[in-house]
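Listing of structure00.cif; format and content: mmCIF, C-alpha atoms.
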```
data_data
loop_
_atom_site.label_atom_id
_atom_site.label_comp_id
_atom_site.auth_asym_id
_atom_site.auth_seq_id
_atom_site.Cartn_x
_atom_site.Cartn_y
_atom_site.Cartn_z
CA LYS A 156 -13.11 21.49 12.05
CA ASN A 157 -15.06 21.56 15.30
CA TYR A 158 -13.19 18.66 16.85
CA LYS A 159 -14.43 19.17 20.41
CA ALA A 160 -18.02 18.93 19.25
CA ALA A 161 -17.19 15.88 17.13
CA LYS A 162 -15.62 14.12 20.11
CA ARG A 163 -18.60 14.99 22.30
CA VAL A 164 -21.04 13.52 19.77
CA LEU A 165 -18.85 10.42 19.42
CA ASN A 166 -18.58 9.89 23.18
CA ASN A 167 -22.33 10.25 23.61
CA ALA A 168 -22.99 7.73 20.87
CA LEU A 169 -20.46 5.24 22.29
CA SER A 170 -22.00 5.52 25.75
CA GLU A 171 -25.35 4.48 24.26
CA GLN A 172 -24.13 1.90 21.72
CA ALA A 173 -20.76 0.65 22.93
CA LYS A 174 -21.07 -2.53 20.84
CA ASN A 175 -21.72 -0.76 17.53
CA PRO A 176 -18.66 -1.41 15.31
CA GLU A 177 -19.45 1.58 13.08
CA LEU A 178 -18.92 3.92 16.03
CA HIS A 179 -15.52 2.42 16.77
CA LYS A 180 -14.58 2.87 13.09
CA ALA A 181 -15.66 6.49 13.41
CA GLU A 182 -13.52 6.82 16.53
CA ALA A 183 -10.48 5.50 14.62
CA ALA A 184 -11.14 8.04 11.87
CA TYR A 185 -11.41 10.79 14.50
CA TRP A 186 -8.01 9.99 16.05
CA GLU A 187 -6.43 9.69 12.62
CA GLU A 188 -7.72 13.18 11.78
CA MET A 189 -6.36 14.44 15.11
CA TYR A 190 -2.93 13.18 14.11
CA PHE A 191 -3.01 14.70 10.63
CA GLN A 192 -4.14 18.01 12.15
CA GLN A 193 -1.18 17.78 14.57
CA GLN A 194 -3.46 17.74 17.60
CA ILE A 195 -1.82 14.59 19.01
CA ASN A 196 1.60 12.99 18.51
CA LEU A 197 2.33 9.83 16.54
CA GLU A 198 2.67 7.48 19.52
CA LYS A 199 -0.63 8.54 21.05
CA SER A 200 -2.42 8.41 17.70
CA ILE A 201 -1.20 4.87 17.03
CA ARG A 202 -2.45 3.69 20.43
CA ARG A 203 -5.86 5.33 20.02
CA ILE A 204 -6.40 4.35 16.37
CA SER A 205 -5.24 0.77 16.92
CA GLN A 206 -7.51 0.28 19.91
CA ALA A 207 -10.54 1.69 18.09
CA TYR A 208 -9.93 -0.56 15.07
CA GLU A 209 -9.38 -3.61 17.29
CA ASN A 210 -12.72 -2.91 19.00
CA ALA A 211 -14.49 -2.51 15.67
CA ASN A 212 -12.93 -5.68 14.27
CA GLU A 213 -13.91 -7.70 17.32
CA LEU A 214 -17.51 -6.47 17.26
CA GLU A 215 -18.20 -6.64 13.50
CA ASP A 216 -20.12 -9.81 12.58
CA ASP A 217 -21.25 -9.00 9.04
CA PHE A 218 -18.92 -10.88 6.67
CA MET A 219 -18.90 -8.23 3.96
CA LEU A 220 -18.38 -5.33 6.36
CA LYS A 221 -15.66 -7.25 8.19
CA ALA A 222 -13.81 -7.75 4.90
CA GLU A 223 -14.02 -4.01 4.17
CA LEU A 224 -12.88 -3.18 7.70
CA ASN A 225 -9.99 -5.62 7.36
CA SER A 226 -8.81 -3.77 4.25
CA THR A 227 -8.99 -0.41 6.05
CA ILE A 228 -7.01 -1.68 9.05
CA ARG A 229 -4.40 -3.30 6.80
CA SER A 230 -3.81 0.04 5.07
CA PHE A 231 -3.45 1.77 8.43
CA TYR A 232 -0.88 -0.76 9.63
CA LEU A 233 1.07 -0.48 6.37
CA ASN A 234 1.13 3.33 6.27
CA PHE A 235 1.91 3.75 9.95
CA GLY A 236 4.78 1.25 9.88
CA LEU A 237 3.08 -1.40 12.04
CA TRP A 238 4.06 -4.26 9.77
CA ASP A 239 4.14 -7.01 12.41
CA GLU A 240 0.61 -6.09 13.41
CA GLY A 241 -0.46 -5.98 9.77
CA ILE A 242 0.92 -9.45 9.08
CA LYS A 243 -0.81 -10.89 12.16
CA LEU A 244 -4.12 -9.26 11.20
CA ALA A 245 -3.90 -10.66 7.67
CA GLU A 246 -2.89 -14.13 8.89
CA ASP A 247 -5.80 -14.23 11.34
CA TYR A 248 -8.22 -13.12 8.64
CA PHE A 249 -6.92 -15.68 6.16
CA LEU A 250 -7.24 -18.51 8.69
CA ASP A 251 -10.62 -17.58 10.18
CA ALA A 252 -12.67 -15.63 7.62
CA PRO A 253 -15.28 -17.42 5.49
CA ASP A 254 -15.02 -17.67 1.71
CA VAL A 255 -18.64 -18.38 0.83
CA SER A 256 -18.69 -15.85 -2.02
CA THR A 257 -16.34 -14.62 -4.72
CA TYR A 258 -15.99 -11.29 -2.90
CA LEU A 259 -14.95 -13.00 0.34
CA GLN A 260 -12.54 -15.31 -1.49
CA ASP A 261 -10.99 -12.25 -3.14
CA ALA A 262 -10.63 -10.69 0.32
CA LYS A 263 -8.69 -13.72 1.53
CA ASP A 264 -6.43 -13.53 -1.54
CA GLU A 265 -5.80 -9.85 -0.83
CA ASN A 266 -4.71 -10.72 2.70
CA GLU A 267 -2.31 -13.34 1.39
CA ILE A 268 -0.83 -10.89 -1.10
CA TYR A 269 -0.52 -8.27 1.67
CA ILE A 270 1.47 -10.73 3.80
CA ALA A 271 3.71 -11.61 0.86
CA PHE A 272 4.26 -7.93 0.03
CA LEU A 273 5.33 -6.98 3.56
CA LYS A 274 7.51 -10.05 4.00
CA GLY A 275 9.05 -9.48 0.58
CA LYS A 276 9.82 -5.84 1.43
CA MET A 277 11.53 -7.07 4.60
CA GLY A 278 13.72 -9.44 2.58
CA TYR A 279 11.97 -12.80 2.99
CA TYR A 280 11.98 -13.32 -0.75
CA ILE A 281 11.57 -17.10 -1.08
CA GLU A 282 8.53 -17.26 1.19
CA ALA A 283 6.94 -14.20 -0.43
CA SER A 284 7.64 -15.31 -4.00
CA ARG A 285 5.82 -18.62 -3.53
CA THR A 286 2.65 -16.78 -2.53
CA PHE A 287 2.94 -14.18 -5.28
CA GLU A 288 3.52 -16.73 -8.02
CA ARG A 289 0.70 -19.02 -6.86
CA LEU A 290 -1.85 -16.20 -6.71
CA ILE A 291 -0.69 -14.55 -9.95
CA LYS A 292 -1.12 -17.92 -11.66
CA LYS A 293 -4.60 -18.14 -10.10
CA LYS A 294 -5.52 -14.58 -11.18
CA PRO A 295 -3.29 -13.66 -14.14
CA GLN A 296 -5.32 -10.54 -14.98
CA ASN A 297 -5.00 -9.06 -11.48
CA TYR A 298 -2.43 -6.39 -12.34
CA SER A 299 -2.29 -5.12 -8.76
CA PHE A 300 -0.75 -8.44 -7.68
CA ARG A 301 1.89 -8.13 -10.41
CA ALA A 302 2.71 -4.51 -9.54
CA ARG A 303 3.23 -5.33 -5.87
CA TYR A 304 5.41 -8.33 -6.72
CA ALA A 305 7.42 -6.17 -9.11
CA GLU A 306 8.00 -3.62 -6.32
CA VAL A 307 9.48 -6.35 -4.14
CA LEU A 308 11.60 -7.67 -7.01
CA LEU A 309 12.96 -4.20 -7.81
CA GLN A 310 14.00 -3.70 -4.20
CA LEU A 311 15.86 -7.02 -4.28
CA GLY A 312 17.56 -6.27 -7.60
CA ARG A 313 15.85 -9.06 -9.55
CA TYR A 314 15.49 -6.92 -12.65
CA GLN A 315 15.04 -9.57 -15.35
CA LYS A 316 12.32 -11.17 -13.23
CA VAL A 317 10.50 -7.81 -13.17
CA ILE A 318 10.58 -7.61 -16.96
CA ASP A 319 9.40 -11.21 -17.40
CA LEU A 320 6.59 -10.57 -14.92
CA ILE A 321 5.09 -7.34 -16.21
CA GLN A 322 6.22 -6.76 -19.81
CA PRO A 323 3.67 -9.23 -21.29
CA SER A 324 0.88 -7.63 -19.24
CA GLN A 325 1.94 -4.15 -20.28
CA ASP A 326 2.00 -5.24 -23.93
CA LEU A 327 -1.58 -6.54 -23.61
CA LEU A 328 -2.67 -3.33 -21.93
CA LYS A 329 -1.00 -1.23 -24.64
CA ALA A 330 -2.83 -3.21 -27.32
CA ALA A 331 -6.08 -2.40 -25.52
CA GLY A 332 -5.11 1.27 -25.24
CA GLN A 333 -4.82 1.12 -21.44
CA PRO A 334 -1.15 0.76 -20.46
CA GLN A 335 -0.31 1.27 -16.79
CA LYS A 336 2.04 4.05 -15.77
CA ARG A 337 3.24 2.11 -12.73
CA PHE A 338 4.23 -0.83 -14.96
CA GLN A 339 6.09 1.56 -17.25
CA GLN A 340 7.96 3.06 -14.30
CA GLN A 341 8.91 -0.38 -13.02
CA LEU A 342 10.05 -1.53 -16.46
CA ALA A 343 12.22 1.57 -16.89
CA LEU A 344 13.92 0.93 -13.56
CA ALA A 345 14.40 -2.75 -14.36
CA TYR A 346 16.18 -1.87 -17.62
CA LEU A 347 18.23 0.69 -15.73
CA GLY A 348 19.23 -2.02 -13.27
CA LEU A 349 20.32 -4.22 -16.17
CA ASN A 350 22.34 -1.32 -17.66
CA ASP A 351 20.25 -1.50 -20.85
CA SER A 352 20.40 2.19 -21.72
CA SER A 353 18.49 1.93 -24.99
CA LYS A 354 15.50 0.18 -23.42
CA PHE A 355 15.67 2.56 -20.44
CA ASP A 356 15.64 5.59 -22.77
CA GLN A 357 12.73 4.09 -24.72
CA GLY A 358 10.77 3.55 -21.50
CA ILE A 359 11.51 7.09 -20.33
CA SER A 360 10.42 8.51 -23.67
CA GLU A 361 7.05 6.75 -23.32
CA LEU A 362 6.67 7.92 -19.74
CA PHE A 363 7.17 11.54 -20.73
CA THR A 364 4.66 11.36 -23.59
CA ALA A 365 1.89 8.77 -23.27
CA PHE A 366 1.74 8.94 -19.47
CA SER A 367 2.42 12.62 -18.85
CA LYS A 368 -0.98 13.28 -17.26
CA ARG A 369 -1.46 9.97 -15.47
CA ARG A 370 -0.63 9.42 -11.83
CA GLY A 371 2.06 6.87 -11.10
CA ASP A 372 4.07 5.97 -8.05
CA ARG A 373 5.65 9.10 -6.54
CA TRP A 374 8.79 7.35 -5.31
CA LEU A 375 9.37 5.46 -8.55
CA ASP A 376 9.09 8.83 -10.27
CA ILE A 377 11.73 10.29 -7.93
CA GLU A 378 14.09 7.37 -8.61
CA ILE A 379 13.68 7.73 -12.36
CA SER A 380 14.13 11.50 -12.21
CA LEU A 381 17.28 11.03 -10.15
CA ASN A 382 18.80 9.03 -12.99
CA VAL A 383 17.51 11.31 -15.76
CA TYR A 384 17.98 14.79 -14.27
CA GLY A 385 20.46 14.23 -11.47
CA ALA A 386 20.47 14.73 -7.70
CA ASP A 387 20.11 18.53 -7.62
CA SER A 388 16.85 18.48 -9.54
CA CYS A 389 15.40 15.75 -7.33
CA LEU A 390 16.49 17.51 -4.17
CA LYS A 391 14.69 20.67 -5.29
CA ARG A 392 11.51 18.65 -5.83
CA LEU A 393 11.76 17.03 -2.41
CA ASN A 394 12.53 20.31 -0.65
CA ALA A 395 9.53 21.94 -2.34
CA SER A 396 7.15 19.30 -0.97
CA SER A 397 6.08 18.72 2.60
CA ILE A 398 7.26 15.68 4.53
CA PRO A 399 4.47 13.06 4.51
CA GLN A 400 2.90 12.40 7.90
CA GLU A 401 2.41 8.66 7.47
CA PRO A 402 5.59 6.99 8.80
CA TYR A 403 5.96 4.67 5.78
CA GLN A 404 5.70 7.52 3.28
CA ALA A 405 7.95 9.69 5.46
CA SER A 406 10.58 6.96 5.45
CA GLN A 407 10.49 6.94 1.64
CA TYR A 408 10.88 10.72 1.59
CA HIS A 409 13.92 10.67 3.88
CA PHE A 410 15.46 7.69 2.08
CA TRP A 411 15.44 9.46 -1.28
CA LYS A 412 16.51 12.77 0.20
#
```
Could I get this file's structure written as structure tokens?
Amino acid sequence: KNYKAAKRVLNNALSEQAKNPELHKAEAAYWEEMYFQQQINLEKSIRRISQAYENANELEDDFMLKAELNSTIRSFYLNFGLWDEGIKLAEDYFLDAPDVSTYLQDAKDENEIYIAFLKGKMGYYIEASRTFERLIKKKPQNYSFRARYAEVLLQLGRYQKVIDLIQPSQDLLKAAGQPQKRFQQQLALAYLGLNDSSKFDQGISELFTAFSKRRGDRWLDIEISLNVYGADSCLKRLNASSIPQEPYQASQYHFWK
């Protein structure tokens, strides 16, 4: 926790190797830690982190490392609520990055899905759905793509579409002994949205038994608990936990509260 010494080491290194992208990544990590330790405010942290990542991204010329850096920056933009910046980053990567290997092609697909996810969450369903459905058809076993599409569909109230999208995958995963808790949460909420109480109860029963020790989506869990146990129980849970520091997670916290 010796932050002054860390900053001194970082500054010395940057003065000697200003064009080293790894040092700019380290600088971004430093300012992010400063924010989480409440040493700087949100606005200042966003400026400092964004600038450090932009410098690293501009300097990085290794294709593999640039793909990894792109993923890190995308997560930062998502969690800190900078969705316009995230979409632009992903669009630039998709247009300019090479796809000379399977890994790099996968990275481009991830950027496309990221764009579709953010646009879908903002309500641009038709545009987002075209991308989701094309890439899910291309990679039917990529369950992360399906889970993100299902999250968008749940927000938009397209409950039957959620079931059609993920129930077959969940059935395959169950047969292999590896069902996903997030799928089960999404299915339960889809049946709830369709007012199918028997299927909802069945989904809840499985959640509370087969998935009791597996980590799922915290906010899906809150929504399900709200409908099972009522508002008072959920409010106690929220009050007992700290408010997340990432703006996107904080917005979820305040929404449900």
Kindly resolve the PyMOL selection byres ((chain A and resi 231-243) around 10) on the present coordinates and return the residues as number ranges by chain.
A: 187, 197, 201, 204-205, 208, 225-230, 244-249, 266-267, 269-274, 277, 400-406
Contacts of Glu288 (chain A) within 12 Å, only C-alpha atoms, excl. fewer than 2 positions in-chain, as a PDB file with C-alpha atoms, in the coordinates of the input:
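Result file follows (around_20.pdb):
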```pdb
ATOM      1  CA  GLU A 267      -2.310 -13.340   1.390  1.00  0.00           C
ATOM      2  CA  ILE A 268      -0.830 -10.890  -1.100  1.00  0.00           C
ATOM      3  CA  ALA A 271       3.710 -11.610   0.860  1.00  0.00           C
ATOM      4  CA  PHE A 272       4.260  -7.930   0.030  1.00  0.00           C
ATOM      5  CA  TYR A 280      11.980 -13.320  -0.750  1.00  0.00           C
ATOM      6  CA  ILE A 281      11.570 -17.100  -1.080  1.00  0.00           C
ATOM      7  CA  GLU A 282       8.530 -17.260   1.190  1.00  0.00           C
ATOM      8  CA  ALA A 283       6.940 -14.200  -0.430  1.00  0.00           C
ATOM      9  CA  SER A 284       7.640 -15.310  -4.000  1.00  0.00           C
ATOM     10  CA  ARG A 285       5.820 -18.620  -3.530  1.00  0.00           C
ATOM     11  CA  THR A 286       2.650 -16.780  -2.530  1.00  0.00           C
ATOM     12  CA  LEU A 290      -1.850 -16.200  -6.710  1.00  0.00           C
ATOM     13  CA  ILE A 291      -0.690 -14.550  -9.950  1.00  0.00           C
ATOM     14  CA  LYS A 292      -1.120 -17.920 -11.660  1.00  0.00           C
ATOM     15  CA  LYS A 293      -4.600 -18.140 -10.100  1.00  0.00           C
ATOM     16  CA  LYS A 294      -5.520 -14.580 -11.180  1.00  0.00           C
ATOM     17  CA  PRO A 295      -3.290 -13.660 -14.140  1.00  0.00           C
ATOM     18  CA  ASN A 297      -5.000  -9.060 -11.480  1.00  0.00           C
ATOM     19  CA  PHE A 300      -0.750  -8.440  -7.680  1.00  0.00           C
ATOM     20  CA  ARG A 301       1.890  -8.130 -10.410  1.00  0.00           C
ATOM     21  CA  ARG A 303       3.230  -5.330  -5.870  1.00  0.00           C
ATOM     22  CA  TYR A 304       5.410  -8.330  -6.720  1.00  0.00           C
ATOM     23  CA  ALA A 305       7.420  -6.170  -9.110  1.00  0.00           C
ATOM     24  CA  LYS A 316      12.320 -11.170 -13.230  1.00  0.00           C
ATOM     25  CA  LEU A 320       6.590 -10.570 -14.920  1.00  0.00           C
TER      26      LEU A 320
END
```
I'd like the interatomic distance between CA of Glu171 (chain A) and CA of Lys221 (chain A), to a tenth of an Å.
22.1 Å
Applied to the shown file, which residues does the PyMOL selection byres ((chain A and resi 382-393) around 10) return, written as a PyMOL selection string?
chain A and resi 344+347+356+359+376-381+394-398+408-409+411-412
Care to translate the PyMOL selection byres ((chain A and resi 336-339) around 8) into actual residues of this file, as a PyMOL selection string?
chain A and resi 302+321-322+325+334-335+340-343+358+362+366+369-372
Write out the residues from the selection above, keeping C-alpha atoms, as an mmCIF file, in the coordinates of the input.
```
data_model
loop_
_atom_site.group_PDB
_atom_site.id
_atom_site.type_symbol
_atom_site.label_atom_id
_atom_site.label_comp_id
_atom_site.auth_asym_id
_atom_site.auth_seq_id
_atom_site.Cartn_x
_atom_site.Cartn_y
_atom_site.Cartn_z
ATOM 1 C CA ALA A 302 2.710 -4.510 -9.540
ATOM 2 C CA ILE A 321 5.090 -7.340 -16.210
ATOM 3 C CA GLN A 322 6.220 -6.760 -19.810
ATOM 4 C CA GLN A 325 1.940 -4.150 -20.280
ATOM 5 C CA PRO A 334 -1.150 0.760 -20.460
ATOM 6 C CA GLN A 335 -0.310 1.270 -16.790
ATOM 7 C CA GLN A 340 7.960 3.060 -14.300
ATOM 8 C CA GLN A 341 8.910 -0.380 -13.020
ATOM 9 C CA LEU A 342 10.050 -1.530 -16.460
ATOM 10 C CA ALA A 343 12.220 1.570 -16.890
ATOM 11 C CA GLY A 358 10.770 3.550 -21.500
ATOM 12 C CA LEU A 362 6.670 7.920 -19.740
ATOM 13 C CA PHE A 366 1.740 8.940 -19.470
ATOM 14 C CA ARG A 369 -1.460 9.970 -15.470
ATOM 15 C CA ARG A 370 -0.630 9.420 -11.830
ATOM 16 C CA GLY A 371 2.060 6.870 -11.100
ATOM 17 C CA ASP A 372 4.070 5.970 -8.050
#
```
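Atom to atom, CA of Gln333 (chain A) and CA of Tyr298 (chain A) stand 12.0 Å apart.
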Nearest to Leu165 (chain A) by atom-to-atom distance, counting all atoms listed in the file, from A:Glu306, A:Phe410, A:Arg202, A:Leu178
A:Leu178
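From CA of Glu177 (chain A) back to CA of Asp264 (chain A), the distance works out to 24.7 Å.
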Hey, what's within 8 Å of Arg203 (chain A) if we count only C-alpha atoms and toss same-chain stuff fewer than 3 positions away? As a list of chain:residue names, please?
A:Ala183, A:Trp186, A:Lys199, A:Ser200, A:Gln206, A:Ala207
Please provide the set of residues having any atom within 7 Å of Tyr314 (chain A), restricted to all atoms listed in the file, with same-chain residues fewer than 4 positions apart removed, written as a tab-separated table (two decimals) with C-alpha atoms, in the frame of the given file.
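In the end it all went to selection27.tsv:
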```
chain	number	residue	atom	x	y	z
A	308	LEU	CA	11.60	-7.67	-7.01
A	309	LEU	CA	12.96	-4.20	-7.81
A	318	ILE	CA	10.58	-7.61	-16.96
A	345	ALA	CA	14.40	-2.75	-14.36
A	348	GLY	CA	19.23	-2.02	-13.27
A	349	LEU	CA	20.32	-4.22	-16.17
```
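Across A:Ala168, A:Lys159, A:Arg373, A:Tyr346, the tightest approach to Gln194 (chain A) is made by A:Lys159 when counting all atoms listed in the file.
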